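Trainee: File name run05.txt; file contents compact mmCIF, C-alpha atoms; full text below.
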# COMPACT_ATOMS: atom_id res chain seq x y z
CA MET X 245 0.00 0.00 0.00
CA PRO X 246 1.53 3.38 -0.97
CA LEU X 247 2.65 5.85 1.67
CA LEU X 248 0.92 9.19 1.76
CA LYS X 249 2.94 12.39 1.63
CA LEU X 250 2.77 12.80 5.39
CA ASP X 251 5.39 15.55 5.39
CA GLN X 252 2.99 17.76 3.45
CA LEU X 253 0.06 16.96 5.76
CA CYS X 254 2.20 17.57 8.83
CA ASP X 255 3.76 20.78 7.53
CA GLY X 256 3.79 23.27 10.42
CA LEU X 257 3.05 20.63 13.07
CA GLU X 258 6.61 19.46 13.73
CA LYS X 259 7.17 21.49 16.92
CA GLY X 260 4.52 19.65 18.93
CA ASP X 261 3.29 16.07 19.23
CA TRP X 262 0.71 16.11 16.41
CA ALA X 263 3.07 15.02 13.63
CA GLY X 264 4.31 12.02 15.61
CA PHE X 265 0.80 10.90 16.48
CA LEU X 266 -0.35 11.24 12.87
CA ARG X 267 2.57 9.14 11.62
CA ASP X 268 1.84 6.46 14.21
CA TRP X 269 -1.85 6.52 13.34
CA ASP X 270 -1.13 6.14 9.63
CA ARG X 271 0.97 3.07 10.39
CA THR X 272 -2.02 1.60 12.26
CA LEU X 273 -4.36 2.46 9.37
CA ARG X 274 -2.00 0.84 6.88
CA SER X 275 -1.74 -2.31 9.00
CA ALA X 276 -5.55 -2.51 8.90
CA ASN X 277 -5.39 -2.26 5.08
CA ARG X 278 -7.41 0.96 5.00
CA PRO X 279 -7.60 2.45 1.47
CA GLU X 280 -5.29 5.36 0.74
CA THR X 281 -8.18 7.76 0.15
CA THR X 282 -9.65 6.87 3.55
CA ARG X 283 -6.30 7.33 5.27
CA TYR X 284 -5.80 10.66 3.56
CA ASN X 285 -9.23 11.98 4.58
CA TYR X 286 -8.77 10.86 8.19
CA LEU X 287 -5.27 12.29 8.52
CA LEU X 288 -6.25 15.52 6.79
CA ALA X 289 -9.10 16.09 9.26
CA ALA X 290 -6.77 15.70 12.23
CA ALA X 291 -4.06 17.89 10.68
CA GLN X 292 -6.62 20.61 9.89
CA LEU X 293 -7.88 20.56 13.48
CA ALA X 294 -4.32 21.00 14.77
CA LYS X 295 -3.68 23.94 12.44
CA TYR X 296 -7.05 25.50 13.28
CA LEU X 297 -6.24 25.38 16.99
CA GLY X 298 -2.96 27.19 16.39
CA GLU X 299 -4.24 29.82 13.97
CA HIS X 300 -7.99 30.42 14.24
CA SER X 301 -9.50 29.11 17.47
CA PRO X 302 -11.02 31.74 19.81
CA ASP X 303 -10.42 29.45 22.81
CA PRO X 304 -7.55 30.72 25.02
CA ASP X 305 -6.55 27.13 25.82
CA ALA X 306 -6.20 26.21 22.17
CA ASP X 307 -2.48 27.01 22.00
CA ASP X 308 -1.61 24.06 24.24
CA ALA X 309 -3.95 21.75 22.30
CA SER X 310 -2.37 22.88 19.03
CA GLN X 311 0.85 21.26 20.28
CA ASP X 312 -0.64 18.18 21.96
CA PRO X 313 -3.74 16.33 20.67
CA THR X 314 -4.33 14.73 24.08
CA LEU X 315 -5.34 18.19 25.36
CA VAL X 316 -8.11 18.72 22.79
CA THR X 317 -11.52 19.34 24.36
CA LYS X 318 -15.12 18.99 23.20
CA ALA X 319 -15.29 22.80 22.86
CA HIS X 320 -12.23 22.81 20.59
CA CYS X 321 -13.88 20.25 18.30
CA GLU X 322 -17.17 22.16 18.25
CA PHE X 323 -15.45 25.45 17.41
CA PHE X 324 -13.56 23.67 14.61
CA GLN X 325 -16.74 22.09 13.27
CA THR X 326 -18.54 25.44 13.27
CA TRP X 327 -15.60 27.02 11.46
CA MET X 328 -15.71 24.27 8.82
CA ILE X 329 -19.44 24.86 8.28
CA GLU X 330 -18.91 28.61 7.90
CA THR X 331 -15.81 28.50 5.70
CA ARG X 332 -16.51 25.31 3.71
CA SER X 333 -19.85 23.53 4.02
CA ALA X 334 -21.88 21.32 6.32
CA ALA X 335 -21.00 18.32 4.14
CA THR X 336 -17.28 19.03 4.56
CA ALA X 337 -17.77 19.50 8.31
CA LEU X 338 -19.49 16.10 8.47
CA ASN X 339 -16.54 14.52 6.68
CA LYS X 340 -14.15 16.06 9.23
CA HIS X 341 -16.41 14.94 12.08
CA LYS X 342 -16.11 11.31 10.97
CA GLY X 343 -12.33 11.58 10.57
CA LEU X 344 -11.85 13.08 14.02
CA GLN X 345 -14.03 10.40 15.59
CA GLN X 346 -11.60 7.82 14.24
CA PHE X 347 -8.51 9.77 15.35
CA PHE X 348 -9.62 10.13 18.96
CA LYS X 349 -10.81 6.53 18.96
CA TYR X 350 -7.23 5.63 18.07
CA LEU X 351 -5.89 7.75 20.93
CA LEU X 352 -8.32 5.96 23.28
CA GLU X 353 -7.11 2.56 22.10
CA GLU X 354 -3.53 3.67 22.63
CA GLU X 355 -4.51 4.81 26.18
CA GLU X 356 -3.28 8.33 25.44
CA ILE X 357 -6.64 9.79 26.54
CA ASP X 358 -9.36 8.64 28.97
CA LYS X 359 -12.31 9.79 26.86
CA SER X 360 -12.81 11.13 23.38
CA PRO X 361 -13.57 14.86 23.02
CA MET X 362 -15.75 13.84 20.05
CA ALA X 363 -17.97 11.56 22.16
CA ARG X 364 -20.70 14.18 22.62
CA VAL X 365 -20.07 16.40 19.59
CA LYS X 366 -23.18 16.22 17.42
CA GLN X 367 -22.87 15.55 13.73
CA PRO X 368 -23.72 18.60 11.58
CA VAL X 369 -27.02 18.36 9.75
CA VAL X 370 -26.43 18.25 6.01
CA GLU X 371 -29.15 19.38 3.65
CA GLN X 372 -30.05 16.56 1.30
CA LYS X 373 -30.09 17.88 -2.25
CA LEU X 374 -31.18 16.12 -5.40
CA VAL X 375 -27.91 15.62 -7.23
CA PRO X 376 -28.23 16.44 -10.94
CA ILE X 377 -27.68 13.34 -13.03
CA MET X 378 -25.60 13.12 -16.18
CA GLY X 379 -28.37 12.07 -18.53
CA ASP X 380 -28.44 11.04 -22.17
CA ASP X 381 -28.47 14.57 -23.65
CA ASP X 382 -25.42 15.81 -21.73
CA THR X 383 -23.57 12.53 -22.27
CA LYS X 384 -24.20 12.76 -26.02
CA LYS X 385 -22.70 16.26 -26.05
CA LEU X 386 -19.59 14.94 -24.32
CA ILE X 387 -19.27 11.97 -26.66
CA ASP X 388 -19.77 14.24 -29.67
CA SER X 389 -16.78 16.27 -28.44
CA THR X 390 -14.61 13.14 -28.84
CA LYS X 391 -15.36 12.58 -32.52
CA GLY X 392 -12.25 11.75 -34.50
CA LYS X 393 -9.58 9.07 -34.82
CA THR X 394 -6.85 10.64 -32.70
CA PHE X 395 -5.57 8.70 -29.69
CA LEU X 396 -7.12 11.22 -27.30
CA ALA X 397 -10.50 11.10 -29.02
CA LEU X 398 -10.62 7.30 -28.94
CA ARG X 399 -9.41 7.11 -25.34
CA ASP X 400 -11.77 9.76 -24.01
CA GLU X 401 -14.83 8.26 -25.69
CA ALA X 402 -14.02 4.85 -24.21
CA ILE X 403 -13.62 6.36 -20.73
CA ILE X 404 -16.85 8.37 -20.92
CA ARG X 405 -18.87 5.43 -22.22
CA LEU X 406 -17.51 3.15 -19.50
CA TYR X 407 -18.56 5.56 -16.74
CA TYR X 408 -21.95 6.06 -18.39
CA ASN X 409 -22.48 2.33 -18.86
CA THR X 410 -21.36 1.08 -15.42
CA GLY X 411 -21.92 3.90 -12.92
CA ALA X 412 -18.51 3.10 -11.42
CA ARG X 413 -16.54 5.42 -9.17
CA LEU X 414 -13.86 7.75 -10.58
CA SER X 415 -11.02 5.72 -9.04
CA GLU X 416 -12.49 2.35 -10.06
CA ILE X 417 -12.38 3.17 -13.77
CA GLY X 418 -9.28 5.35 -13.40
CA ASN X 419 -7.18 2.60 -11.79
CA LEU X 420 -8.13 -0.23 -14.14
CA LEU X 421 -5.34 -2.51 -15.29
CA LEU X 422 -5.29 -4.00 -18.76
CA THR X 423 -5.73 -7.42 -17.14
CA ASP X 424 -8.98 -6.24 -15.47
CA LEU X 425 -10.60 -6.00 -18.87
CA ASP X 426 -12.26 -9.03 -20.47
CA MET X 427 -13.44 -8.28 -23.99
CA ASN X 428 -14.79 -11.81 -24.46
CA THR X 429 -17.41 -11.33 -21.75
CA GLU X 430 -17.54 -7.54 -22.22
CA SER X 431 -16.82 -6.92 -18.54
CA VAL X 432 -14.34 -5.26 -16.20
CA LEU X 433 -13.10 -6.22 -12.75
CA LEU X 434 -13.52 -3.17 -10.52
CA HIS X 435 -11.50 -2.73 -7.32
CA GLY X 436 -13.89 -0.94 -4.97
CA LYS X 437 -13.71 0.59 -1.53
CA GLY X 438 -12.65 -1.60 1.35
CA ALA X 439 -10.71 -3.95 -0.95
CA LYS X 440 -13.99 -5.26 -2.40
CA ASP X 441 -13.78 -6.44 -6.01
CA ARG X 442 -16.73 -6.89 -8.34
CA ARG X 443 -17.12 -7.65 -12.03
CA VAL X 444 -19.57 -5.60 -14.10
CA ARG X 445 -20.71 -5.85 -17.71
CA PHE X 446 -20.75 -3.16 -20.39
CA GLY X 447 -22.77 -2.89 -23.57
CA PRO X 448 -21.97 -3.12 -27.32
CA LYS X 449 -21.38 0.61 -27.88
CA THR X 450 -18.93 0.75 -24.96
CA SER X 451 -17.29 -2.46 -26.16
CA ARG X 452 -16.78 -0.96 -29.63
CA ALA X 453 -15.29 2.22 -28.16
CA ILE X 454 -12.89 0.25 -25.95
CA ALA X 455 -11.86 -2.01 -28.84
CA ARG X 456 -11.02 1.01 -30.99
CA TYR X 457 -9.01 2.50 -28.12
CA LEU X 458 -7.14 -0.77 -27.55
CA ARG X 459 -6.06 -0.87 -31.20
CA ALA X 460 -4.73 2.68 -30.91
CA ARG X 461 -3.08 1.87 -27.57
CA ALA X 462 -1.29 -1.15 -29.05
CA LYS X 463 0.49 1.14 -31.55
CA ARG X 464 2.04 3.28 -28.81
CA LYS X 465 5.78 3.03 -28.14
CA ASP X 466 6.76 0.96 -25.08
CA VAL X 467 3.12 0.13 -24.43
CA ASP X 468 4.17 -3.13 -22.75
CA LYS X 469 5.69 -1.06 -19.92
CA VAL X 470 2.30 0.34 -18.88
CA PRO X 471 0.07 -2.18 -17.05
CA GLN X 472 -2.71 0.38 -16.58
CA LEU X 473 -5.55 0.41 -19.11
CA TRP X 474 -5.57 4.16 -19.71
CA MET X 475 -2.48 5.86 -21.11
CA ALA X 476 -1.48 9.51 -21.03
CA GLU X 477 -1.34 11.51 -24.24
CA ARG X 478 2.44 11.32 -24.53
CA GLY X 479 5.06 8.80 -23.47
CA ALA X 480 4.77 5.42 -21.82
CA LYS X 481 2.81 6.76 -18.86
CA ALA X 482 -0.51 5.91 -17.29
CA LEU X 483 -3.39 8.37 -17.08
CA ALA X 484 -4.15 8.72 -13.36
CA PRO X 485 -7.68 9.21 -11.98
CA ASN X 486 -6.93 12.88 -11.38
CA GLY X 487 -5.96 13.17 -15.03
CA ILE X 488 -9.34 11.70 -15.97
CA LYS X 489 -11.02 14.22 -13.67
CA ILE X 490 -9.24 17.06 -15.48
CA MET X 491 -10.08 15.56 -18.87
CA LEU X 492 -13.79 15.34 -18.05
CA LYS X 493 -13.83 18.94 -16.90
CA ARG X 494 -12.12 20.03 -20.10
CA ARG X 495 -14.53 18.02 -22.25
CA GLY X 496 -17.42 19.50 -20.34
CA THR X 497 -16.23 23.03 -21.03
CA THR X 498 -15.84 22.24 -24.74
CA ALA X 499 -19.28 20.60 -24.94
CA GLY X 500 -21.05 23.24 -22.85
CA VAL X 501 -21.93 20.77 -20.07
CA GLN X 502 -21.58 22.28 -16.61
CA GLY X 503 -20.39 20.29 -13.61
CA THR X 504 -18.95 17.40 -15.58
CA HIS X 505 -17.57 14.77 -13.23
CA ALA X 506 -17.70 10.98 -13.07
CA HIS X 507 -19.96 10.78 -10.02
CA ARG X 508 -22.90 12.23 -11.92
CA TRP X 509 -23.01 9.07 -14.07
CA ARG X 510 -23.16 7.06 -10.85
CA HIS X 511 -26.28 9.01 -9.87
CA ASN X 512 -27.64 8.55 -13.38
CA PHE X 513 -27.14 4.78 -13.20
CA ALA X 514 -29.06 4.58 -9.92
CA HIS X 515 -31.72 6.95 -11.28
CA GLU X 516 -32.34 4.86 -14.41
CA TRP X 517 -32.20 1.60 -12.46
CA HIS X 518 -34.89 2.71 -10.00
CA LYS X 519 -36.97 4.35 -12.72
CA LYS X 520 -37.15 1.08 -14.63
CA GLY X 521 -38.07 -0.88 -11.49
CA GLY X 522 -34.67 -2.51 -10.88
CA ASN X 523 -34.07 -4.49 -7.69
CA THR X 524 -32.29 -2.54 -4.93
CA GLY X 525 -30.19 -5.52 -3.87
CA ASP X 526 -28.89 -6.00 -7.40
CA LEU X 527 -28.10 -2.29 -7.65
CA MET X 528 -26.04 -2.50 -4.46
CA LEU X 529 -24.02 -5.37 -5.95
CA LEU X 530 -23.43 -3.56 -9.23
CA LEU X 531 -22.37 -0.26 -7.63
CA GLY X 532 -20.39 -1.79 -4.78
CA TRP X 533 -22.50 -0.56 -1.87
CA ALA X 534 -22.64 -2.24 1.54
CA SER X 535 -25.16 0.13 3.15
CA GLU X 536 -28.81 0.40 2.13
CA ASP X 537 -28.62 4.13 2.82
CA MET X 538 -26.73 4.62 -0.45
CA PRO X 539 -29.43 3.40 -2.89
CA ARG X 540 -31.99 5.53 -1.05
CA ARG X 541 -29.80 8.59 -1.38
CA TYR X 542 -28.83 7.96 -4.99
CA GLY X 543 -32.37 7.00 -5.95
CA ALA X 544 -33.95 10.18 -4.58
CA SER X 545 -34.08 11.93 -7.95
CA ALA X 546 -35.80 8.92 -9.58
CA ALA X 547 -38.31 8.74 -6.72
CA ALA X 548 -39.12 12.43 -7.10
CA GLU X 549 -39.63 11.99 -10.86
CA ARG X 550 -41.96 9.00 -10.35
CA ALA X 551 -43.95 10.96 -7.75
CA GLN X 552 -44.35 13.89 -10.13
CA GLU X 553 -45.56 11.61 -12.93
CA LEU X 554 -48.08 9.94 -10.61
CA GLN X 555 -49.25 13.35 -9.38
CA SER X 556 -49.99 14.40 -12.96
CA GLN X 557 -51.87 11.17 -13.64
CA MET X 558 -54.02 11.55 -10.51
CA GLY X 559 -55.07 15.08 -11.41
CA ILE X 560 -55.33 16.16 -7.76
CA GLY X 561 -56.61 19.73 -7.59
CA GLU X 562 -57.82 19.72 -11.21
CA ARG X 563 -61.42 18.44 -10.78
CA VAL X 564 -63.07 21.79 -10.04
Rewrite the coordinates I just gave you, this time as C-alpha cells.
Mentor:
Amino acid sequence: MPLLKLDQLCDGLEKGDWAGFLRDWDRTLRSANRPETTRYNYLLAAAQLAKYLGEHSPDPDADDASQDPTLVTKAHCEFFQTWMIETRSAATALNKHKGLQQFFKYLLEEEEIDKSPMARVKQPVVEQKLVPIMGDDDTKKLIDSTKGKTFLALRDEAIIRLYYNTGARLSEIGNLLLTDLDMNTESVLLHGKGAKDRRVRFGPKTSRAIARYLRARAKRKDVDKVPQLWMAERGAKALAPNGIKIMLKRRGTTAGVQGTHAHRWRHNFAHEWHKKGGNTGDLMLLLGWASEDMPRRYGASAAAERAQELQSQMGIGERV
C-alpha cells in the first residue's frame, strides 16, 4: 500500500506532538489495510484541526492543544466544526467529524486519553439535495466532443462510455489494469472501496469504443511497460484518476456541459435503475454498496420523478 505524503500533511506541526501521532496513526491504518483515500481523509481532518487550533481558534486554551492532541476538548472540536461549516460547508464538516471520531478513537485505544472529546459532539445536519444526473443529452454532447480518430478522441470516448455504462466510481475506472478488462465477456473487474472487487458488464457501444481504443493503444511506443488500461497523451505513462477528472472537466467546457464529473453518471445509473423498477439488492451489488442508505440517497431523484408523474396522472386539484 503506498505511503501518503505525510510531510505535506504535517507541515507546520513538527514542533509539537501532532506530527508524531499522525505518523503512528497512519501506520495503524495501513496495517488494517485501509484504502489510501480513507487514510488521507482521516489524517487531513486531524491535521486541519491542529492547524485551526494554532491559527484560528477563539479558545484561550487552544495554544496548548495545538501542540498536543491529548489536550483537545469537546469545545475545541465544536469550534472547529462550526468554522468548517462557515468556511466550507456542512457536508465538509461532516466529513471532518467522521475523521476526528476515528482519530480520537485511536488515541483511546492507545490509552493516550481517557475519553474522546468527540464523544458528545453532534454531527452537523447536512441538507439533502437532489444531485443532478448526467443524462443522455449531456452525455451525447460529451461523446460528440470526442469525434475523431486521434488517440485522445478514442481514449476519451471509451472512458466516458464506461462511466456512463457502469456507474462506477472515478477511481475504479481510473485505476483499471489492462488485465482487469475481459473483452470476451464484455466486462471489467472493478476494485472498490474496502478492498472489495466486483465484475460488471458493459454494452456493445462501450465495447466498440474500448476495442477502438485498444487498437490505438497497441500502436504506442513501449506500451508493454504500462500495465494500466488508460495511457497519457504522450510517453509510456498511465493516465491517473486525477488526469481523468481534469479531462472530463475540459470536455465538459468544450461541450457546454456544466459540472462534468464521473460521479454524476453514478447518480444517473441509480436513477435509471430505480426508474425502470430494478431491484435494490442487485443495484447494491453492481455499484459496490454495503449500506442500504446509499441506494436511497442515490435513488432520490428517480423517486421524485416518479412521484411527479403519478401526481400528474391523478389530477389532484384539477377536478373543479
Trainee: Which residue is closest to X:Asp268? Choose from X:Glu553, X:Asp308, X:Glu354, X:Asp468 and count only C-alpha atoms.
Mentor: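 The shortest atom-to-atom distance to X:Asp268 comes from X:Glu354.
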Trainee: Identify which of the residues X:Ala402, X:Ala506, X:Ala439, X:Leu351 lies closest to X:Ile454, counting only C-alpha atoms when measuring atom-to-atom distances.
Mentor: X:Ala402
Trainee: Do a neighbour search on stretch 379-389 of chain X at 9 Å with all atoms listed in the file, toss out local chain neighbours closer than 5 positions, and write the hits as a list in words.
Mentor: Ala397, Asp400, Glu401, Ile404, Arg405, Tyr408, Leu492, Arg495, Gly496, Thr498, Ala499, Gly500, Val501, Arg508, Trp509 and Asn512 of chain X
Trainee: Keeping C-alpha atoms, export the residues of the selection given above as a PDB file, in the frame of the given file.
Mentor:
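out_26.pdb written:
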ATOM      1  CA  ALA X 397     -10.500  11.100 -29.020  1.00  0.00           C
ATOM      2  CA  ASP X 400     -11.770   9.760 -24.010  1.00  0.00           C
ATOM      3  CA  GLU X 401     -14.830   8.260 -25.690  1.00  0.00           C
ATOM      4  CA  ILE X 404     -16.850   8.370 -20.920  1.00  0.00           C
ATOM      5  CA  ARG X 405     -18.870   5.430 -22.220  1.00  0.00           C
ATOM      6  CA  TYR X 408     -21.950   6.060 -18.390  1.00  0.00           C
ATOM      7  CA  LEU X 492     -13.790  15.340 -18.050  1.00  0.00           C
ATOM      8  CA  ARG X 495     -14.530  18.020 -22.250  1.00  0.00           C
ATOM      9  CA  GLY X 496     -17.420  19.500 -20.340  1.00  0.00           C
ATOM     10  CA  THR X 498     -15.840  22.240 -24.740  1.00  0.00           C
ATOM     11  CA  ALA X 499     -19.280  20.600 -24.940  1.00  0.00           C
ATOM     12  CA  GLY X 500     -21.050  23.240 -22.850  1.00  0.00           C
ATOM     13  CA  VAL X 501     -21.930  20.770 -20.070  1.00  0.00           C
ATOM     14  CA  ARG X 508     -22.900  12.230 -11.920  1.00  0.00           C
ATOM     15  CA  TRP X 509     -23.010   9.070 -14.070  1.00  0.00           C
ATOM     16  CA  ASN X 512     -27.640   8.550 -13.380  1.00  0.00           C
TER      17      ASN X 512
END
Trainee: Residues near stretch 412-423 of chain X, anyone? I mean within 8 Å using only C-alpha atoms, not counting same-chain ones fewer than 3 positions away, as a list in words.
Mentor: Ile403, Leu406, Tyr407, Asp426, Leu433, Leu434, His435, Gly436, Pro471, Gln472, Leu473, Trp474, Leu483, Ala484, Pro485, Ile488, Lys489, Ala506, His507, Trp509, Arg510 and Leu531 of chain X
Trainee: Can you tell me, as an MDAnalysis selection string, what residues are no more than 12 Å from X:Thr429 when counting only C-alpha atoms, ignoring any on the same chain fewer than 2 positions away?
Mentor: chainID X and resid 424:427 431:433 443:448 451
Trainee: Those selected residues, please, written with C-alpha atoms and delivered as an mmCIF file, in the coordinates of the input.
Mentor:
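Contents of selection_7.cif, as written:
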data_model
loop_
_atom_site.group_PDB
_atom_site.id
_atom_site.type_symbol
_atom_site.label_atom_id
_atom_site.label_comp_id
_atom_site.auth_asym_id
_atom_site.auth_seq_id
_atom_site.Cartn_x
_atom_site.Cartn_y
_atom_site.Cartn_z
ATOM 1 C CA ASP X 424 -8.980 -6.240 -15.470
ATOM 2 C CA LEU X 425 -10.600 -6.000 -18.870
ATOM 3 C CA ASP X 426 -12.260 -9.030 -20.470
ATOM 4 C CA MET X 427 -13.440 -8.280 -23.990
ATOM 5 C CA SER X 431 -16.820 -6.920 -18.540
ATOM 6 C CA VAL X 432 -14.340 -5.260 -16.200
ATOM 7 C CA LEU X 433 -13.100 -6.220 -12.750
ATOM 8 C CA ARG X 443 -17.120 -7.650 -12.030
ATOM 9 C CA VAL X 444 -19.570 -5.600 -14.100
ATOM 10 C CA ARG X 445 -20.710 -5.850 -17.710
ATOM 11 C CA PHE X 446 -20.750 -3.160 -20.390
ATOM 12 C CA GLY X 447 -22.770 -2.890 -23.570
ATOM 13 C CA PRO X 448 -21.970 -3.120 -27.320
ATOM 14 C CA SER X 451 -17.290 -2.460 -26.160
#
Trainee: Identify which of the residues X:Asp305, X:Glu330, X:Asp270, X:Asp441 lies closest to X:Phe347, counting all atoms listed in the file when measuring atom-to-atom distances.
Mentor: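 That would be X:Asp270, the residue with the smallest distance to X:Phe347.
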Trainee: As an exercise, work out the distance from atom CA of X:Thr317 to atom CA of X:Pro361 in Å and give it to one decimal place.
Mentor: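 Separating atom CA of X:Thr317 from atom CA of X:Pro361 is a distance of 5.1 Å.
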Trainee: Complete stretch 522-537 of chain X at the level of N, CA, C and O atoms, written as a PDB file, keeping the file's coordinate frame.
Mentor:
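Final file, result35.pdb:
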ATOM      1  N   GLY X 522     -35.741  -1.572 -11.228  1.00  0.00           N
ATOM      2  CA  GLY X 522     -34.670  -2.510 -10.880  1.00  0.00           C
ATOM      3  C   GLY X 522     -34.641  -2.825  -9.395  1.00  0.00           C
ATOM      4  O   GLY X 522     -35.027  -2.009  -8.558  1.00  0.00           O
ATOM      5  N   ASN X 523     -34.162  -4.017  -9.062  1.00  0.00           N
ATOM      6  CA  ASN X 523     -34.070  -4.490  -7.690  1.00  0.00           C
ATOM      7  C   ASN X 523     -32.957  -3.762  -6.936  1.00  0.00           C
ATOM      8  O   ASN X 523     -31.839  -3.630  -7.440  1.00  0.00           O
ATOM      9  N   THR X 524     -33.261  -3.291  -5.717  1.00  0.00           N
ATOM     10  CA  THR X 524     -32.290  -2.540  -4.930  1.00  0.00           C
ATOM     11  C   THR X 524     -31.076  -3.385  -4.557  1.00  0.00           C
ATOM     12  O   THR X 524     -29.933  -2.912  -4.584  1.00  0.00           O
ATOM     13  N   GLY X 525     -31.306  -4.648  -4.223  1.00  0.00           N
ATOM     14  CA  GLY X 525     -30.190  -5.520  -3.870  1.00  0.00           C
ATOM     15  C   GLY X 525     -29.215  -5.702  -5.022  1.00  0.00           C
ATOM     16  O   GLY X 525     -27.993  -5.681  -4.832  1.00  0.00           O
ATOM     17  N   ASP X 526     -29.748  -5.863  -6.228  1.00  0.00           N
ATOM     18  CA  ASP X 526     -28.890  -6.000  -7.400  1.00  0.00           C
ATOM     19  C   ASP X 526     -28.120  -4.711  -7.667  1.00  0.00           C
ATOM     20  O   ASP X 526     -26.949  -4.740  -8.064  1.00  0.00           O
ATOM     21  N   LEU X 527     -28.775  -3.576  -7.457  1.00  0.00           N
ATOM     22  CA  LEU X 527     -28.100  -2.290  -7.650  1.00  0.00           C
ATOM     23  C   LEU X 527     -26.933  -2.150  -6.683  1.00  0.00           C
ATOM     24  O   LEU X 527     -25.857  -1.667  -7.070  1.00  0.00           O
ATOM     25  N   MET X 528     -27.114  -2.569  -5.444  1.00  0.00           N
ATOM     26  CA  MET X 528     -26.040  -2.500  -4.460  1.00  0.00           C
ATOM     27  C   MET X 528     -24.842  -3.343  -4.890  1.00  0.00           C
ATOM     28  O   MET X 528     -23.683  -2.934  -4.735  1.00  0.00           O
ATOM     29  N   LEU X 529     -25.112  -4.519  -5.467  1.00  0.00           N
ATOM     30  CA  LEU X 529     -24.020  -5.370  -5.950  1.00  0.00           C
ATOM     31  C   LEU X 529     -23.285  -4.722  -7.116  1.00  0.00           C
ATOM     32  O   LEU X 529     -22.049  -4.723  -7.169  1.00  0.00           O
ATOM     33  N   LEU X 530     -24.036  -4.151  -8.042  1.00  0.00           N
ATOM     34  CA  LEU X 530     -23.430  -3.560  -9.230  1.00  0.00           C
ATOM     35  C   LEU X 530     -22.596  -2.328  -8.910  1.00  0.00           C
ATOM     36  O   LEU X 530     -21.545  -2.094  -9.528  1.00  0.00           O
ATOM     37  N   LEU X 531     -23.064  -1.509  -7.957  1.00  0.00           N
ATOM     38  CA  LEU X 531     -22.370  -0.260  -7.630  1.00  0.00           C
ATOM     39  C   LEU X 531     -21.436  -0.389  -6.436  1.00  0.00           C
ATOM     40  O   LEU X 531     -20.793   0.580  -6.048  1.00  0.00           O
ATOM     41  N   GLY X 532     -21.355  -1.567  -5.855  1.00  0.00           N
ATOM     42  CA  GLY X 532     -20.390  -1.790  -4.780  1.00  0.00           C
ATOM     43  C   GLY X 532     -20.752  -1.145  -3.468  1.00  0.00           C
ATOM     44  O   GLY X 532     -19.876  -0.647  -2.753  1.00  0.00           O
ATOM     45  N   TRP X 533     -22.041  -1.156  -3.127  1.00  0.00           N
ATOM     46  CA  TRP X 533     -22.500  -0.560  -1.870  1.00  0.00           C
ATOM     47  C   TRP X 533     -22.748  -1.632  -0.828  1.00  0.00           C
ATOM     48  O   TRP X 533     -23.307  -2.693  -1.124  1.00  0.00           O
ATOM     49  N   ALA X 534     -22.370  -1.326   0.425  1.00  0.00           N
ATOM     50  CA  ALA X 534     -22.640  -2.240   1.540  1.00  0.00           C
ATOM     51  C   ALA X 534     -23.819  -1.756   2.373  1.00  0.00           C
ATOM     52  O   ALA X 534     -24.480  -2.539   3.038  1.00  0.00           O
ATOM     53  N   SER X 535     -24.083  -0.448   2.348  1.00  0.00           N
ATOM     54  CA  SER X 535     -25.160   0.130   3.150  1.00  0.00           C
ATOM     55  C   SER X 535     -26.385   0.420   2.302  1.00  0.00           C
ATOM     56  O   SER X 535     -26.275   0.919   1.171  1.00  0.00           O
ATOM     57  N   GLU X 536     -27.569   0.126   2.846  1.00  0.00           N
ATOM     58  CA  GLU X 536     -28.810   0.400   2.130  1.00  0.00           C
ATOM     59  C   GLU X 536     -29.150   1.880   2.102  1.00  0.00           C
ATOM     60  O   GLU X 536     -30.087   2.296   1.400  1.00  0.00           O
ATOM     61  N   ASP X 537     -28.408   2.693   2.863  1.00  0.00           N
ATOM     62  CA  ASP X 537     -28.620   4.130   2.820  1.00  0.00           C
ATOM     63  C   ASP X 537     -28.235   4.703   1.459  1.00  0.00           C
ATOM     64  O   ASP X 537     -28.828   5.681   0.994  1.00  0.00           O
TER      65      ASP X 537
END
